[in-house]
>>> print(open('coords.txt').read())   # compact mmCIF, C-alpha atoms and all ligand atoms
# COMPACT_ATOMS: atom_id res chain seq x y z
CA MET A 88 -12.73 -19.04 7.62
CA THR A 89 -15.82 -17.54 9.27
CA ASN A 90 -19.35 -18.46 8.21
CA PRO A 91 -20.30 -16.89 4.92
CA LEU A 92 -22.44 -13.80 5.04
CA GLU A 93 -25.86 -15.16 4.19
CA THR A 94 -27.14 -13.45 1.08
CA ARG A 95 -30.06 -13.66 -1.27
CA THR A 96 -29.50 -15.51 -4.53
CA VAL A 97 -29.36 -13.57 -7.77
CA ARG A 98 -29.91 -15.26 -11.10
CA VAL A 99 -28.09 -13.97 -14.18
CA GLY A 100 -29.11 -16.14 -17.12
CA ASP A 101 -28.25 -19.63 -15.85
CA VAL A 102 -25.67 -18.40 -13.34
CA LEU A 103 -26.57 -18.19 -9.66
CA ILE A 104 -24.78 -15.72 -7.40
CA GLY A 105 -25.09 -15.83 -3.63
CA SER A 106 -23.89 -17.46 -0.44
CA GLY A 107 -25.50 -20.80 -1.32
CA HIS A 108 -23.34 -21.12 -4.45
CA PRO A 109 -19.64 -21.27 -5.33
CA ILE A 110 -17.97 -17.93 -6.04
CA VAL A 111 -18.65 -16.82 -9.61
CA VAL A 112 -15.64 -15.70 -11.64
CA GLN A 113 -16.01 -12.84 -14.09
CA THR A 114 -14.02 -10.58 -16.36
CA MET A 115 -14.48 -7.78 -18.88
CA CYS A 116 -13.72 -7.34 -22.57
CA ASN A 117 -11.14 -4.72 -23.54
CA THR A 118 -12.06 -4.67 -27.22
CA HIS A 119 -14.04 -1.80 -28.75
CA THR A 120 -17.71 -2.70 -28.53
CA ALA A 121 -18.27 -1.30 -32.02
CA ASP A 122 -15.84 -3.95 -33.28
CA VAL A 123 -18.39 -6.73 -33.03
CA ALA A 124 -16.20 -9.44 -34.54
CA ALA A 125 -13.26 -8.72 -32.20
CA THR A 126 -15.55 -8.60 -29.15
CA VAL A 127 -17.27 -11.86 -30.10
CA ALA A 128 -13.87 -13.50 -30.61
CA GLN A 129 -12.65 -12.25 -27.22
CA CYS A 130 -15.84 -13.43 -25.49
CA CYS A 131 -15.38 -16.91 -27.03
CA ARG A 132 -11.80 -17.01 -25.73
CA LEU A 133 -12.84 -15.82 -22.26
CA ALA A 134 -15.72 -18.30 -22.08
CA ALA A 135 -13.34 -21.13 -23.04
CA ALA A 136 -10.96 -19.96 -20.28
CA GLY A 137 -13.73 -20.26 -17.69
CA ALA A 138 -15.33 -16.81 -17.45
CA GLN A 139 -18.79 -17.29 -15.97
CA LEU A 140 -19.91 -13.70 -16.66
CA ILE A 141 -18.46 -11.29 -19.23
CA ARG A 142 -18.88 -7.53 -19.01
CA ILE A 143 -18.83 -5.27 -22.03
CA THR A 144 -18.80 -1.48 -21.99
CA VAL A 145 -21.56 0.44 -23.78
CA PRO A 146 -20.18 3.96 -24.27
CA SER A 147 -22.90 5.23 -26.61
CA LEU A 148 -26.47 4.55 -27.67
CA ALA A 149 -25.14 3.27 -31.00
CA ASP A 150 -23.25 0.58 -29.07
CA VAL A 151 -26.52 -0.88 -27.78
CA GLU A 152 -27.04 -2.30 -31.27
CA HIS A 153 -23.45 -3.59 -31.32
CA LEU A 154 -24.07 -5.28 -27.98
CA ARG A 155 -27.21 -6.89 -29.38
CA GLN A 156 -25.22 -8.27 -32.31
CA ILE A 157 -22.49 -9.57 -29.98
CA HIS A 158 -25.09 -11.24 -27.74
CA ASP A 159 -26.98 -12.81 -30.64
CA THR A 160 -23.83 -14.04 -32.37
CA LEU A 161 -22.58 -15.68 -29.16
CA ARG A 162 -25.89 -17.41 -28.59
CA SER A 163 -26.02 -18.60 -32.19
CA GLU A 164 -22.55 -20.10 -31.66
CA GLY A 165 -23.79 -21.96 -28.57
CA ILE A 166 -21.99 -19.72 -26.03
CA SER A 167 -24.37 -19.11 -23.16
CA VAL A 168 -22.16 -17.09 -20.78
CA PRO A 169 -24.35 -14.22 -19.55
CA LEU A 170 -23.28 -10.74 -20.62
CA VAL A 171 -23.17 -7.69 -18.39
CA ALA A 172 -23.54 -4.21 -19.90
CA ASP A 173 -21.25 -1.66 -18.27
CA ILE A 174 -22.93 1.73 -18.19
CA HIS A 175 -21.49 5.02 -17.03
CA PHE A 176 -23.41 8.26 -16.56
CA SER A 177 -26.27 7.60 -18.97
CA ALA A 178 -29.69 6.49 -17.74
CA GLU A 179 -30.79 6.49 -21.37
CA ILE A 180 -28.22 3.87 -22.37
CA ALA A 181 -28.99 1.88 -19.22
CA MET A 182 -32.66 1.73 -20.19
CA ALA A 183 -31.83 0.82 -23.78
CA VAL A 184 -29.65 -2.21 -22.90
CA VAL A 185 -32.18 -3.83 -20.57
CA PRO A 186 -33.86 -5.86 -23.34
CA VAL A 187 -30.45 -6.86 -24.74
CA VAL A 188 -28.36 -8.52 -22.00
CA GLU A 189 -28.81 -10.51 -18.80
CA LYS A 190 -27.30 -8.01 -16.38
CA ILE A 191 -26.60 -4.29 -16.26
CA ARG A 192 -23.94 -2.59 -14.16
CA ILE A 193 -24.75 0.98 -13.22
CA ASN A 194 -23.85 3.66 -10.69
CA PRO A 195 -27.27 5.25 -10.15
CA GLY A 196 -25.69 8.28 -8.49
CA ASN A 197 -24.28 9.21 -11.90
CA PHE A 198 -27.61 8.91 -13.73
CA HIS A 199 -28.11 12.65 -13.38
CA PRO A 200 -26.25 15.56 -11.73
CA ASP A 201 -29.41 16.41 -9.82
CA HIS A 202 -29.76 13.77 -7.13
CA ALA A 203 -33.56 13.85 -6.96
CA ARG A 204 -33.70 13.33 -10.73
CA ALA A 205 -31.18 10.47 -10.49
CA ARG A 206 -33.53 8.76 -8.02
CA VAL A 207 -36.50 9.11 -10.38
CA LEU A 208 -34.48 7.69 -13.28
CA PHE A 209 -33.25 4.78 -11.15
CA GLY A 210 -36.85 3.99 -10.14
CA GLU A 211 -37.85 3.85 -13.82
CA PHE A 212 -34.82 1.70 -14.59
CA LEU A 213 -35.79 -0.81 -11.88
CA GLU A 214 -39.31 -1.14 -13.29
CA HIS A 215 -37.83 -1.78 -16.73
CA CYS A 216 -35.48 -4.47 -15.31
CA LYS A 217 -38.42 -6.08 -13.51
CA GLN A 218 -40.35 -6.27 -16.74
CA TYR A 219 -37.46 -8.06 -18.50
CA ASP A 220 -36.46 -10.12 -15.46
CA ARG A 221 -32.89 -8.78 -15.51
CA ALA A 222 -30.20 -8.63 -12.85
CA ILE A 223 -28.32 -5.45 -11.98
CA ARG A 224 -25.12 -4.53 -10.23
CA ILE A 225 -25.03 -1.32 -8.28
CA GLY A 226 -21.35 -0.52 -8.73
CA LEU A 227 -19.90 2.39 -6.78
CA ASN A 228 -16.19 3.09 -6.89
CA HIS A 229 -14.02 5.05 -4.52
CA GLY A 230 -13.42 8.31 -6.39
CA SER A 231 -16.68 8.25 -8.33
CA LEU A 232 -19.11 8.97 -5.52
CA GLY A 233 -21.79 11.60 -6.13
CA LYS A 234 -20.99 15.15 -4.99
CA TYR A 235 -23.87 15.13 -2.51
CA ILE A 236 -22.48 12.10 -0.64
CA VAL A 237 -18.86 13.34 -0.60
CA GLU A 238 -20.01 16.69 0.78
CA LYS A 239 -21.93 14.87 3.49
CA TYR A 240 -19.54 12.07 4.51
CA GLY A 241 -16.21 12.70 2.71
CA ASN A 242 -14.63 10.26 0.30
CA THR A 243 -14.49 7.45 2.86
CA PRO A 244 -15.37 3.75 3.05
CA GLN A 245 -18.38 4.70 5.20
CA ALA A 246 -19.54 7.15 2.53
CA MET A 247 -19.25 4.44 -0.11
CA ALA A 248 -21.34 2.00 1.94
CA LEU A 249 -23.95 4.62 2.83
CA ALA A 250 -24.21 5.74 -0.79
CA ALA A 251 -24.80 2.14 -1.85
CA MET A 252 -27.41 1.66 0.87
CA GLU A 253 -29.54 4.43 -0.59
CA TRP A 254 -29.89 2.49 -3.86
CA VAL A 255 -30.23 -0.83 -2.04
CA GLU A 256 -33.14 0.64 -0.12
CA MET A 257 -34.77 1.84 -3.35
CA CYS A 258 -34.50 -1.70 -4.78
CA ILE A 259 -36.11 -3.13 -1.64
CA GLN A 260 -38.92 -0.57 -1.76
CA ALA A 261 -39.49 -1.34 -5.44
CA GLY A 262 -39.67 -5.08 -4.68
CA PHE A 263 -36.70 -5.70 -6.99
CA PHE A 264 -34.27 -8.24 -5.56
CA ASN A 265 -32.11 -9.37 -8.49
CA VAL A 266 -29.36 -7.09 -7.25
CA VAL A 267 -25.61 -7.45 -6.73
CA VAL A 268 -23.59 -4.64 -5.13
CA SER A 269 -19.92 -3.64 -5.42
CA LEU A 270 -17.78 -0.99 -3.74
CA LYS A 271 -14.41 -1.15 -5.43
CA ALA A 272 -11.32 0.89 -4.64
CA SER A 273 -7.70 0.65 -5.72
CA ASN A 274 -6.63 1.29 -2.13
CA THR A 275 -6.87 -2.15 -0.49
CA VAL A 276 -7.54 -0.74 2.99
CA VAL A 277 -10.42 1.43 1.75
CA MET A 278 -11.83 -1.43 -0.30
CA VAL A 279 -11.87 -3.92 2.59
CA GLN A 280 -13.41 -1.42 5.01
CA ALA A 281 -16.09 -0.39 2.52
CA TYR A 282 -17.29 -3.95 1.91
CA ARG A 283 -17.27 -4.78 5.61
CA GLU A 284 -19.37 -1.71 6.32
CA LEU A 285 -21.82 -2.47 3.53
CA ALA A 286 -22.19 -6.08 4.71
CA ARG A 287 -22.93 -4.79 8.22
CA LEU A 288 -25.48 -2.25 7.00
CA MET A 289 -27.31 -4.77 4.81
CA GLN A 290 -27.42 -7.26 7.69
CA GLU A 291 -28.83 -4.55 9.92
CA ARG A 292 -31.44 -3.81 7.24
CA GLY A 293 -32.36 -7.50 7.02
CA VAL A 294 -31.86 -7.78 3.25
CA VAL A 295 -28.42 -8.89 2.12
CA PHE A 296 -27.68 -8.77 -1.59
CA PRO A 297 -24.72 -10.73 -2.97
CA LEU A 298 -21.46 -8.82 -3.26
CA HIS A 299 -19.24 -8.47 -6.30
CA VAL A 300 -15.77 -8.02 -4.86
CA GLY A 301 -12.71 -6.58 -6.55
CA VAL A 302 -9.81 -4.15 -6.35
CA THR A 303 -10.18 -1.63 -9.11
CA GLU A 304 -7.23 -0.33 -11.14
CA ALA A 305 -4.92 -2.89 -9.52
CA GLY A 306 -2.34 -2.62 -12.29
CA ASN A 307 -0.54 -5.57 -13.86
CA GLY A 308 2.06 -8.26 -13.31
CA ASP A 309 2.87 -9.52 -9.83
CA SER A 310 1.79 -6.23 -8.18
CA GLY A 311 -1.70 -6.33 -9.71
CA ARG A 312 -2.17 -9.97 -8.74
CA ILE A 313 -0.90 -9.43 -5.20
CA LYS A 314 -2.96 -6.29 -4.63
CA SER A 315 -6.09 -8.11 -5.75
CA CYS A 316 -5.36 -11.24 -3.73
CA VAL A 317 -4.55 -9.56 -0.40
CA ALA A 318 -7.81 -7.60 -0.39
CA ILE A 319 -10.19 -10.09 -2.01
CA SER A 320 -8.89 -12.98 0.12
CA THR A 321 -9.28 -10.93 3.30
CA LEU A 322 -12.97 -10.47 2.54
CA LEU A 323 -13.56 -14.02 1.28
CA GLN A 324 -12.08 -15.39 4.52
CA GLU A 325 -14.75 -13.41 6.35
CA GLY A 326 -17.43 -14.88 4.10
CA ILE A 327 -17.88 -11.61 2.21
CA GLY A 328 -17.99 -11.92 -1.58
CA ASN A 329 -20.04 -14.01 -3.99
CA THR A 330 -18.62 -13.05 -7.37
CA ILE A 331 -15.16 -11.69 -8.07
CA ARG A 332 -13.21 -9.90 -10.73
CA VAL A 333 -9.45 -9.56 -10.63
CA SER A 334 -8.82 -6.42 -12.71
CA LEU A 335 -5.48 -6.51 -14.51
CA THR A 336 -4.04 -4.16 -17.13
CA GLU A 337 -3.35 -7.17 -19.31
CA ASP A 338 -5.21 -9.53 -21.60
CA PRO A 339 -8.47 -10.18 -19.66
CA ALA A 340 -7.90 -13.92 -20.05
CA ASN A 341 -5.00 -13.51 -17.60
CA GLU A 342 -7.44 -12.40 -14.90
CA LEU A 343 -9.26 -15.72 -14.87
CA PRO A 344 -6.68 -18.09 -13.33
CA VAL A 345 -6.13 -15.63 -10.47
CA ALA A 346 -9.87 -15.34 -9.82
CA GLN A 347 -10.23 -19.12 -10.16
CA TYR A 348 -7.47 -19.62 -7.60
CA LEU A 349 -9.42 -17.44 -5.14
CA ALA A 350 -12.74 -19.12 -5.95
CA HIS A 351 -11.13 -22.51 -5.42
CA ARG A 352 -9.41 -21.57 -2.20
CA TYR A 353 -12.48 -20.02 -0.59
CA SER A 354 -15.47 -21.83 -2.08
CA GLY A 355 -14.21 -25.13 -3.46
CA ALA A 356 -14.66 -24.16 -7.13
CA PRO A 357 -12.41 -26.15 -9.52
CA ALA A 358 -8.71 -25.32 -9.17
CA PRO A 359 -6.93 -23.67 -12.11
CA SER A 360 -3.65 -24.97 -13.38
CA LEU A 361 -1.04 -22.33 -12.55
CA PRO A 362 2.70 -22.00 -13.19
CA PRO A 363 4.48 -22.82 -9.87
CA ARG A 364 5.86 -19.26 -9.39
CA GLU A 365 2.41 -17.71 -9.88
CA GLU A 366 0.88 -20.16 -7.41
CA THR A 367 3.57 -19.28 -4.84
CA ILE A 368 2.80 -15.57 -5.28
CA LEU A 369 -0.97 -15.96 -5.01
CA LYS A 370 -0.69 -18.28 -2.03
CA ALA A 371 1.62 -15.92 -0.14
CA ALA A 372 -0.64 -12.94 -0.88
CA CYS A 373 -3.67 -14.84 0.42
CA ASP A 374 -1.79 -16.22 3.46
CA TRP A 375 -0.42 -12.85 4.59
CA GLY A 376 -2.94 -10.33 3.27
CA ALA A 377 -5.48 -10.50 6.11
CA PRO A 378 -3.02 -10.42 9.05
CA LEU A 379 -1.28 -7.38 7.52
CA LEU A 380 -4.43 -5.51 6.53
CA ASN A 381 -5.91 -6.25 9.96
CA HIS A 382 -2.71 -5.02 11.66
CA GLU A 383 -2.28 -8.37 13.44
CA LEU A 384 1.27 -8.45 12.04
CA ASP A 385 3.71 -5.69 11.13
CA ASP A 386 6.07 -7.85 9.13
CA ILE A 387 6.04 -11.28 7.55
CA PRO A 388 8.61 -14.09 7.76
CA LEU A 389 9.21 -14.47 4.02
CA GLU A 390 12.74 -15.10 2.78
CA ASP A 391 11.84 -13.90 -0.71
CA GLU A 392 12.51 -10.17 -0.18
CA TYR A 393 10.85 -9.10 -3.41
CA LEU A 394 7.64 -10.95 -2.59
CA LYS A 395 7.70 -9.63 0.94
CA ASP A 396 8.08 -6.02 -0.30
CA GLU A 397 5.26 -6.48 -2.79
CA ILE A 398 2.86 -7.92 -0.20
CA LEU A 399 3.70 -5.26 2.38
CA GLN A 400 3.12 -2.53 -0.21
CA ALA A 401 -0.14 -4.11 -1.45
CA CYS A 402 -1.36 -4.00 2.17
CA ARG A 403 -0.13 -0.41 2.45
CA ARG A 404 2.15 -1.25 5.34
CA ARG A 405 5.46 -0.25 3.70
CA PHE A 406 6.13 1.48 0.38
CA TYR A 407 9.31 0.49 -1.44
CA LYS A 408 8.41 1.89 -4.89
CA PRO A 409 5.79 4.22 -6.38
CA GLU A 410 2.21 3.13 -5.96
CA TYR A 411 0.65 2.53 -9.37
CA ILE A 412 -3.00 2.67 -10.29
CA ALA A 413 -3.95 1.52 -13.79
CA CYS A 414 -7.35 0.73 -15.14
CA PRO A 415 -7.73 -2.62 -16.87
CA GLY A 416 -8.92 -0.97 -20.09
CA CYS A 417 -12.21 -1.59 -21.83
CA GLY A 418 -14.00 -0.57 -25.00
CA ARG A 419 -13.42 3.05 -24.06
CA THR A 420 -9.63 2.74 -23.94
CA LEU A 421 -8.03 5.20 -26.33
CA TYR A 422 -4.43 3.95 -26.64
CA ASN A 423 -2.21 0.93 -26.01
CA LEU A 424 -2.73 0.91 -22.27
CA GLU A 425 -0.68 -2.12 -21.36
CA GLU A 426 2.41 -0.97 -23.23
CA THR A 427 2.11 2.61 -21.96
CA PHE A 428 1.64 1.46 -18.37
CA ASN A 429 4.83 -0.59 -18.60
CA ARG A 430 6.70 2.41 -20.03
CA VAL A 431 5.39 4.64 -17.23
CA LYS A 432 6.47 2.09 -14.61
CA GLU A 433 9.93 1.83 -16.09
CA ALA A 434 10.39 5.61 -16.37
CA THR A 435 9.14 6.40 -12.85
CA ALA A 436 10.55 3.46 -10.88
CA GLY A 437 13.07 5.72 -9.13
CA PHE A 438 10.49 7.97 -7.46
CA LYS A 439 9.36 7.34 -3.92
CA ASP A 440 6.20 8.18 -1.97
CA VAL A 441 4.16 8.97 -5.01
CA VAL A 442 0.94 7.51 -6.45
CA ILE A 443 0.82 7.44 -10.27
CA ALA A 444 -2.30 6.57 -12.25
CA VAL A 445 -2.52 5.48 -15.88
CA MET A 446 -6.10 5.57 -17.12
CA GLY A 447 -7.59 4.55 -20.45
CA CYS A 448 -10.18 7.26 -21.01
CA ILE A 449 -11.02 10.80 -20.08
CA VAL A 450 -14.67 9.93 -19.33
CA ASN A 451 -14.05 7.84 -16.22
CA GLY A 452 -10.30 7.98 -15.76
CA PRO A 453 -10.02 11.28 -13.86
CA GLY A 454 -12.87 10.39 -11.49
CA GLU A 455 -11.54 6.91 -10.78
CA MET A 456 -7.93 7.88 -10.11
CA ALA A 457 -9.06 8.32 -6.52
CA ASP A 458 -6.05 9.38 -4.47
CA ALA A 459 -3.40 9.46 -7.21
CA ASP A 460 -0.80 12.24 -7.06
CA TYR A 461 -0.28 12.22 -10.84
CA GLY A 462 -2.40 10.87 -13.65
CA TYR A 463 -1.79 9.97 -17.29
CA VAL A 464 -5.14 9.94 -19.05
CA GLY A 465 -5.84 9.13 -22.71
CA GLU A 466 -7.87 11.82 -24.49
CA GLY A 467 -8.19 10.05 -27.84
CA ALA A 468 -6.73 10.98 -31.23
CA GLY A 469 -3.17 10.31 -29.99
CA LYS A 470 -3.34 12.92 -27.23
CA VAL A 471 -2.91 12.68 -23.47
CA THR A 472 -3.80 14.88 -20.49
CA LEU A 473 -1.53 14.84 -17.45
CA TYR A 474 -3.07 15.45 -14.05
CA ARG A 475 -1.74 16.57 -10.71
CA LYS A 476 -4.21 15.24 -8.14
CA LYS A 477 -7.59 15.91 -9.73
CA GLU A 478 -6.40 18.92 -11.79
CA PRO A 479 -5.45 18.65 -15.46
CA VAL A 480 -2.11 20.44 -15.73
CA LEU A 481 -0.91 19.58 -19.26
CA ARG A 482 -3.46 18.93 -21.98
CA HIS A 483 -3.29 17.59 -25.53
CA ILE A 484 0.26 16.21 -25.20
CA PRO A 485 1.19 13.97 -28.14
CA GLU A 486 1.32 10.36 -26.94
CA ASP A 487 4.98 9.88 -27.85
CA GLU A 488 6.01 12.77 -25.57
CA ALA A 489 3.62 12.14 -22.70
CA VAL A 490 5.65 9.66 -20.62
CA GLN A 491 8.67 11.98 -20.65
CA LYS A 492 6.47 14.97 -19.73
CA LEU A 493 5.01 12.98 -16.84
CA VAL A 494 8.51 12.18 -15.55
CA GLU A 495 9.49 15.87 -15.84
CA LEU A 496 6.36 16.94 -14.00
CA ILE A 497 7.00 14.54 -11.11
CA ALA A 498 10.73 15.34 -11.00
CA PHE A 499 10.08 19.10 -10.99
CA GLU A 500 7.62 18.85 -8.11
CA ASP A 501 9.80 16.37 -6.29
CA SER A 502 12.80 18.76 -6.40
CA SER A 503 10.65 21.77 -5.42
CA LEU A 504 9.39 19.85 -2.42
CA ARG A 505 12.89 18.86 -1.41
CA SER A 506 14.16 22.44 -1.70
CA GLU A 507 11.36 23.84 0.47
S1 LIG B 1 -11.00 4.32 -16.96
FE1 LIG B 1 -10.28 2.53 -18.13
S2 LIG B 1 -11.60 0.79 -17.55
FE2 LIG B 1 -12.59 2.70 -16.80
S3 LIG B 1 -14.00 3.20 -18.47
FE3 LIG B 1 -12.08 4.34 -18.92
S4 LIG B 1 -10.87 2.95 -20.23
FE4 LIG B 1 -12.54 1.71 -19.34
>>> encode(input="coords.txt", output="structure tokens")
Amino acid sequence: MTNPLETRTVRVGDVLIGSGHPIVVQTMCNTHTADVAATVAQCCRLAAAGAQLIRITVPSLADVEHLRQIHDTLRSEGISVPLVADIHFSAEIAMAVVPVVEKIRINPGNFHPDHARARVLFGEFLEHCKQYDRAIRIGLNHGSLGKYIVEKYGNTPQAMALAAMEWVEMCIQAGFFNVVVSLKASNTVVMVQAYRELARLMQERGVVFPLHVGVTEAGNGDSGRIKSCVAISTLLQEGIGNTIRVSLTEDPANELPVAQYLAHRYSGAPAPSLPPREETILKAACDWGAPLLNHELDDIPLEDEYLKDEILQACRRRFYKPEYIACPGCGRTLYNLEETFNRVKEATAGFKDVVIAVMGCIVNGPGEMADADYGYVGEGAGKVTLYRKKEPVLRHIPEDEAVQKLVELIAFEDSSLRSE
């Protein structure tokens, strides 16, 4: 392992994030924020399972009050795990949650369609955070970059890092240093390159904020765990990464042992107790991820063919089945994501060379599908929109017909391609 990238330390409640501290493990609730009792119960369960930070989505202004109730109830029950508000698109909601929780995750580029206005709003937001002594995460995802940056640099890892640097620079100029940055992607190659580039640019600038590292929309089961481990471990071995989230389309409690395994392996945090098969899978993904992603190896000497196929595909070196992207779900999720994702996987397993996304909501889903060929996106009220690339092609499909329609759509295009 190389020397860790030296970063500043960020304080979130009592939790310290930075190169001088063990890797902090975090997760996110998938309950509806308006369901205060269910969210409190899930937070209690996640805290007991070792979550050091818990993120909760705030889809509307009304949910700011729900978040306040969740926060106050947890504190009154003696649970001190800091909460992170997850904000998308709304500077107004971002401002409103500052007095409520310890940390706020935002993508300032989405504060306003007009970039100059987004900068003004972000400046005001920073002053507000300073006043309340809050921490923030500047969270940019591949696929949700502002139009201005994509037009300038394309949808590339370099564009992601440069976009982040603009907001990093604004924080430095404002004298606000309680900042963590993330550049997630579901494509492991893009994700690793983006973080490396950002680390380099911050070093060059002389101010290095801690990095929140994760693979977004990694999916579930072995594939989700392997995808997360190959990419996160590659960066942690290089000393890049101070807090991690392993996003799985499963119960968020399942994310914690995987993240704890990584935190233990790369920063000496306490080891989780894992079933032997899961430990074998995580170990192999961490052992072989970096050499494959770095193109130091083209193949790996594993006798377990299934595990070998999964690791090679996670590193995008060989594709033996469709590539799946699925968001982990959150308070915005509009249907039973986990069950639907499993049905989609089962129904589409026979296709090759195709990227299929299953996303929980129409607000962020389409933007975050990144390079998916087809997308299944929940609209709400039992309806689904199917996408081809970024275009909605079938809208308002009843949920019980949507998986079949998705299969027909892929099969139709697949046969047209073959007959060309
Ligand atoms: S895409 Fe999924 S995780 Fe992202 S905001 Fe929508 S439901 Fe939540």
>>> atom_distance(input="coords.txt", atom1="atom CA of A:Leu369", atom2="atom CA of A:Val431")
24.8 Å
>>> closest_residue(input="coords.txt", among="A:Ile259, A:Leu270, A:Ala356, A:Ala121", to="A:Arg292", atoms="all atoms listed in the file")
A:Ile259
>>> closest_residue(input="coords.txt", among="A:Pro297, A:Pro244, A:Gly326, A:Pro146", to="ligand LIG 1 (chain B)", atoms="all atoms listed in the file")
A:Pro146
>>> closest_residue(input="coords.txt", among="A:Asn90, A:Ser320, A:Ser310, A:Ser163", to="A:His351", atoms="only C-alpha atoms")
A:Ser320
>>> residues_near_point(input="coords.txt", point="(-21.0, -5.3, -8.5)", cutoff="6 Å", atoms="all atoms listed in the file", output="PyMOL selection string")
chain A and resi 224-226+267-269+299
>>> residues_near_ligand(input="coords.txt", ligand="ligand LIG 1 (chain B)", cutoff="7 Å", atoms="only C-alpha atoms and all ligand atoms", output="JSON, numbers by chain")
{"A": [414, 415, 416, 417, 418, 419, 420, 446, 447, 448, 449, 450, 451, 452, 455]}
>>> residues_around(input="coords.txt", residues="A:Ala468", least_positions_apart="2", cutoff="8 Å", atoms="all atoms listed in the file", output="ChimeraX atom specification")
/A:421,466,470
>>> write_last_selection(input="coords.txt", atoms="C-alpha atoms", output="compact mmCIF listing (two decimals), in the frame of the given file")
# COMPACT_ATOMS: atom_id res chain seq x y z
CA LEU A 421 -8.03 5.20 -26.33
CA GLU A 466 -7.87 11.82 -24.49
CA LYS A 470 -3.34 12.92 -27.23
>>> residues_around(input="coords.txt", residues="stretch 390-394 of chain A", least_positions_apart="6", cutoff="10 Å", atoms="all atoms listed in the file", output="short mmCIF file (atom, residue, chain, number, x, y, z; two decimals) with C-alpha atoms, keeping the file's coordinate frame")
data_model
loop_
_atom_site.label_atom_id
_atom_site.label_comp_id
_atom_site.auth_asym_id
_atom_site.auth_seq_id
_atom_site.Cartn_x
_atom_site.Cartn_y
_atom_site.Cartn_z
CA ASP A 309 2.87 -9.52 -9.83
CA SER A 310 1.79 -6.23 -8.18
CA ILE A 313 -0.90 -9.43 -5.20
CA THR A 367 3.57 -19.28 -4.84
CA ILE A 368 2.80 -15.57 -5.28
CA ALA A 371 1.62 -15.92 -0.14
CA ALA A 372 -0.64 -12.94 -0.88
CA GLN A 400 3.12 -2.53 -0.21
CA TYR A 407 9.31 0.49 -1.44
#
>>> atom_distance(input="coords.txt", atom1="atom CA of A:Val112", atom2="atom CA of A:Ala340")
11.6 Å
>>> atom_distance(input="coords.txt", atom1="atom CA of A:Lys408", atom2="atom CA of A:Gly437")
7.4 Å
>>> closest_residue(input="coords.txt", among="A:Gly328, A:Ile104, A:Tyr411, A:Asn429", to="A:Asp460", atoms="all atoms listed in the file")
A:Tyr411
>>> residues_near_point(input="coords.txt", point="(-18.4, -14.0, 4.4)", cutoff="8 Å", atoms="all atoms listed in the file", output="list of chain:residue names")
A:Thr89, A:Asn90, A:Pro91, A:Leu92, A:Glu93, A:Leu322, A:Leu323, A:Gln324, A:Glu325, A:Gly326, A:Ile327, A:Gly328
>>> closest_residue(input="coords.txt", among="A:Glu397, A:Thr321, A:Val441, A:Ser354", to="A:Glu500", atoms="all atoms listed in the file")
A:Val441
>>> residues_around(input="coords.txt", residues="A:Glu478", least_positions_apart="4", cutoff="9 Å", atoms="all atoms listed in the file", output="JSON list (two decimals) with C-alpha atoms, keeping the file's coordinate frame")
[["chain", "number", "residue", "atom", "x", "y", "z"],
["A", 453, "PRO", "CA", -10.02, 11.28, -13.86],
["A", 473, "LEU", "CA", -1.53, 14.84, -17.45],
["A", 474, "TYR", "CA", -3.07, 15.45, -14.05]]
>>> axis_aligned_box(input="coords.txt", around="stretch 190-201 of chain A", padding_each_side="8 Å", output="JSON")
{"center_x": -26.6, "center_y": 4.2, "center_z": -12.4, "size_x": 21.6, "size_y": 40.4, "size_z": 23.9}
>>> closest_residue(input="coords.txt", among="A:Arg352, A:Arg364, A:Val188, A:Lys234", to="A:Asp201", atoms="only C-alpha atoms")
A:Lys234
>>> residues_around(input="coords.txt", residues="A:Met456", least_positions_apart="4", cutoff="9 Å", atoms="only C-alpha atoms", output="number ranges by chain")
A: 229-231, 273, 304, 412-414, 443-446, 451-452, 460-462, 476-477
>>> write_last_selection(input="coords.txt", atoms="C-alpha atoms", output="CSV table (one decimal), keeping the file's coordinate frame")
chain,number,residue,atom,x,y,z
A,229,HIS,CA,-14.0,5.0,-4.5
A,230,GLY,CA,-13.4,8.3,-6.4
A,231,SER,CA,-16.7,8.2,-8.3
A,273,SER,CA,-7.7,0.6,-5.7
A,304,GLU,CA,-7.2,-0.3,-11.1
A,412,ILE,CA,-3.0,2.7,-10.3
A,413,ALA,CA,-4.0,1.5,-13.8
A,414,CYS,CA,-7.4,0.7,-15.1
A,443,ILE,CA,0.8,7.4,-10.3
A,444,ALA,CA,-2.3,6.6,-12.2
A,445,VAL,CA,-2.5,5.5,-15.9
A,446,MET,CA,-6.1,5.6,-17.1
A,451,ASN,CA,-14.0,7.8,-16.2
A,452,GLY,CA,-10.3,8.0,-15.8
A,460,ASP,CA,-0.8,12.2,-7.1
A,461,TYR,CA,-0.3,12.2,-10.8
A,462,GLY,CA,-2.4,10.9,-13.6
A,476,LYS,CA,-4.2,15.2,-8.1
A,477,LYS,CA,-7.6,15.9,-9.7
